[in-house]
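These notes concern the structure reproduced below.
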Amino acid sequence: MKADVLLGLQWGDEGKGKAVDVLAPSYNWIARFQGGPNAGHTLWLDGNKIVLHTIPSGIFREDCMNLIGNGVVIHPPSLLQEIKALRQHGLNFVGKLMISAKAHLILPGHRLLDQAYESAKGDHKIGSTLRGIGPAYTDKYARHGLRYGDMAGAQGAALFGAAHEEHLRQIKTLGFELPTDLPNQVQEWIDAVNELLSDFSPSDGSWLLNQALDKGQKILAEGAQGSLLDVEFGAYPFVTSSHTTSASACTGLGIAPNRIGNVYGLFKAYCTRVGSGPFPTELHDQTGETLRRAGQEFGATTGRPRRCGWLDLPALAYAIRLSGVNQLIITKADILSGFEEIKIATRYQGLDNHLSPYPDNSSECIPEYKSFPGWNLAPSQSYSNRQQLPQNLQTYLNYLEDQLNLPIRWISLGPERTQVLECH
């Protein structure tokens with residue numbers, strides 16, 4: 001048995017939470033492999049909006065095990081708050097949620113450093129969510145981070161104290177003013193860690209998943225953010241602090257490359273981006289604003305309005321190539337319903353086509369578009385197969401499949417888990 005991977009192919013916010021929730025009944029395990037509480041995976045269940053930040057999106061499925069992998073960075077108070085909120089929905093976490101002992105922790109000082117670094121950049125801000133993600137990964141790779149399993153040991157308190165004092169020293173050097181409630185933040189952090197440890201013992205995530213595969217169980221590795229925010233292959237420095245491509249599922253979970261199976265690539269029928277950085281197809285006009293309002297394009301984690309634009313075929317092909325995607329999932333096709341004209345950027349000026357090498361500095365790219373007539377989806381109609389969709393939407397989908405040489409296996413036509421059309 002092999003583990004499948006699901007990841008976003010754009011700048012995040014593609015609808016991964018809903019997609020995982022829909023796919024989860026076919027899997028025994030859902031495992032998050034990177035990112036942290038800067039992620040916001042939104043699900044709509046019976047008309048209720050639920051946003052997951054750290055917990056895998058299979059948590060709502062009764063028979064599904066969930067793992068927060070070693071590649072994830074965890075902010076204990078945020079995770080505990082998320083768990084308590086979900087318990088109010090009647091969820092039982094006993095035996096269903098595992099936390100890797102090797103997952104690194106976001107300390108109070110990491111969040112303060114994040115704010116200090118971003119403030120110091122002035123007009124050159126990268127659009128950080130200020131959740132401490134970057135500084136936590138920095139400490140991880142500088143080899144003086146703190147892991148979840150460390151806090152279960154006898155030296156946990158001492159390790160935390162030393163790390164916190166070092167952060168205070170760095171913050172003082174930066175001239176950043178400490179908040180008056182910092183002692184309360186520190187105590188909240190310590191209390192949250194202790195409460196988590198009492199309910200969720202640190203696990204060997206790699207061993208659990210490999211044992212599951214050996215027993216023939218199915219695993220879906222869940223990514224966060226989007227491929228174009230990858231720290232290595234995104235438009236650096238306007239990227240996240242982790243690897244968001246399929247290769248990260250191996251290092252973020254402890255699964256060997258030869259145990260990776262299908263790679264599901266998720267993308268919107270248009271593009272959005274939060275924060276700074278290149279966005280070749282961004283719309284600065286009323287059409288962009290209409291897209292934002294129709295799609296409710298406001299960050300699930302930060303609430304910030306997302307920048308909106310037409311679908312970018314060169315960027316999409318680039319992301320597919322990076323992760324070896326072999327199955328496509330398109331979301332928010334319903335949001336484009338009612339537009340008279342819909343466009344796709346098919347190439348950038350100066351490049352032969354969308355399969356050309358993707359430029360390092362896409363901020364200087366000028367896209368060229370192909371126009372399609374719009375479509376109208378009937379709000380009250382339940383579509384049971386692809387042939388029932390409006391012909392113009394079918395033409396749009398067929399064009400994408402032809403250009404990308406990949407099948408679109410699922411089409412999302414609304415926020416609920418029931419509004420996903422599977423294509424055979």
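By order in the structure tokens, chains are A, B, ...; within a chain, residues start at 1; ligands start at 1, following the order shown.
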
Exercise: Arg61 (chain A) partners within 9 Å, only C-alpha atoms, chain neighbours under 5 positions left out, as a PDB file with C-alpha atoms, in the first residue's frame:
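Wrote it out as selection.pdb, contents follow:
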```
ATOM      1  CA  ASP A  21     -13.079  15.848   4.178  1.00  0.00           C
ATOM      2  CA  ALA A  24     -11.453  10.941   3.934  1.00  0.00           C
ATOM      3  CA  PRO A  25     -14.009   8.068   3.854  1.00  0.00           C
TER       4      PRO A  25
END
```

Contacts of region 401-411 of chain A within 12 Å, only C-alpha atoms, excl. fewer than 4 positions in-chain, as a PyMOL selection string: chain A and resi 15+18-20+22-23+263-269+312-321+324-334+344-347+353-355+383-386+389+393-397+415+417-424

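Residues lying within 10 Å of Gly109 (chain A), counting only C-alpha atoms and ignoring same-chain neighbours fewer than 4 positions away, are A:Leu113, A:Asp114, A:Gln115, A:Gly132, A:Pro135, A:Ala136, A:Ala163, A:His164, A:Glu165, A:Glu166, A:His167, A:Leu168, A:Arg169, A:Gln170, A:Ile171, A:Leu178, A:Leu182, A:Gln185, A:Val186.
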
Output the selection as a compact mmCIF listing (two decimals), in the first residue's frame - C-alpha atoms for each residue.
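What follows is the written file result39.txt:
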```txt
# COMPACT_ATOMS: atom_id res chain seq x y z
CA LEU A 113 10.27 37.76 16.74
CA ASP A 114 7.91 37.37 13.79
CA GLN A 115 6.36 40.74 14.58
CA GLY A 132 5.65 32.71 14.61
CA PRO A 135 11.09 31.94 13.49
CA ALA A 136 10.04 28.44 14.63
CA ALA A 163 14.94 28.94 24.58
CA HIS A 164 12.70 31.70 25.93
CA GLU A 165 15.64 33.63 27.41
CA GLU A 166 17.45 33.44 24.07
CA HIS A 167 14.39 34.83 22.30
CA LEU A 168 14.19 37.70 24.77
CA ARG A 169 17.83 38.50 24.09
CA GLN A 170 17.22 38.59 20.33
CA ILE A 171 14.11 40.74 20.71
CA LEU A 178 7.87 43.50 24.84
CA LEU A 182 4.14 38.51 28.19
CA GLN A 185 1.39 34.51 27.49
CA VAL A 186 4.22 32.34 28.82
```

Residue set, region 105-284 of chain A restricted to strand (DSSP E), as a PyMOL selection string: chain A and resi 105+202-203+219-222+260-268+271-273

Atoms kept (C-alpha atoms) for selection, written as a tab-separated table (two decimals), in the first residue's frame:
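Heads up, here's the output in part_5.tsv:
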```tsv
chain	number	residue	atom	x	y	z
A	105	LEU	CA	6.82	24.02	18.88
A	202	PRO	CA	3.96	12.18	21.89
A	203	SER	CA	3.88	9.61	19.07
A	219	ILE	CA	-3.09	7.15	4.10
A	220	LEU	CA	-3.76	10.62	2.72
A	221	ALA	CA	-1.02	13.18	3.38
A	222	GLU	CA	-2.54	16.66	3.71
A	260	ILE	CA	4.05	7.67	-2.29
A	261	GLY	CA	1.13	6.86	-4.60
A	262	ASN	CA	-1.31	9.30	-6.20
A	263	VAL	CA	-0.72	13.04	-5.94
A	264	TYR	CA	-3.92	15.07	-5.98
A	265	GLY	CA	-3.47	18.69	-7.07
A	266	LEU	CA	-6.12	21.17	-6.02
A	267	PHE	CA	-6.77	24.50	-7.74
A	268	LYS	CA	-9.46	27.15	-7.97
A	271	CYS	CA	-6.52	32.58	-8.63
A	272	THR	CA	-6.17	34.28	-5.27
A	273	ARG	CA	-3.25	35.34	-3.11
```

Test item: residues at most 8 Å from Leu291 (chain A), only C-alpha atoms, excluding those fewer than 3 positions along its chain, as a PyMOL selection string: chain A and resi 287-288+294-295+297+308-309+335-336

Separation of CA of Gly95 (chain A) from CA of Glu188 (chain A), in Å and rounded to one decimal: 25.3 Å

Among listed residues A:His243, A:Lys96, A:Lys121, A:Arg307, nearest Ala224 (chain A) (using only C-alpha atoms): A:His243

Computed interatomic separation between CA of Leu80 (chain A) and CA of Glu195 (chain A) (Å):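 Separation of CA of Leu80 (chain A) and CA of Glu195 (chain A): 8.0 Å.
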
CA of Glu118 (chain A) to CA of Pro179 (chain A), straight-line distance in Å: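 Distance reported for this atom pair: 16.3 Å.
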
Picked from region 131-173 of chain A by DSSP as alpha helix (DSSP H), as a list in words: Ile133, Gly134, Pro135, Ala136, Tyr137, Thr138, Asp139, Lys140, Tyr141, Gly156, Ala157, Ala158, Leu159, Phe160, Gly161, Ala162, Ala163, His164, Glu165, Glu166, His167, Leu168, Arg169, Gln170, Ile171, Lys172 and Thr173 of chain A

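Among the candidates A:Lys172, A:His104, A:Arg131, A:Arg259, the one nearest to Ala39 (chain A) when counting only C-alpha atoms is A:Arg131.
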
Neighbours of Ala378 (chain A) within 9 Å (only C-alpha atoms; same-chain residues fewer than 3 positions away dropped), as an mmCIF file with C-alpha atoms, in the first residue's frame?
```cif
data_model
loop_
_atom_site.group_PDB
_atom_site.id
_atom_site.type_symbol
_atom_site.label_atom_id
_atom_site.label_comp_id
_atom_site.auth_asym_id
_atom_site.auth_seq_id
_atom_site.Cartn_x
_atom_site.Cartn_y
_atom_site.Cartn_z
ATOM 1 C CA SER A 337 -21.283 31.388 -12.658
ATOM 2 C CA GLN A 381 -30.060 21.885 -9.404
ATOM 3 C CA SER A 382 -28.086 18.940 -8.094
#
```

Nearest candidate to Ile255 (chain A) (options A:Asp214, A:Glu364, A:Glu82, A:Glu282; using only C-alpha atoms):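 Ranking A:Asp214, A:Glu364, A:Glu82, A:Glu282 by distance to Ile255 (chain A), first place goes to A:Asp214.
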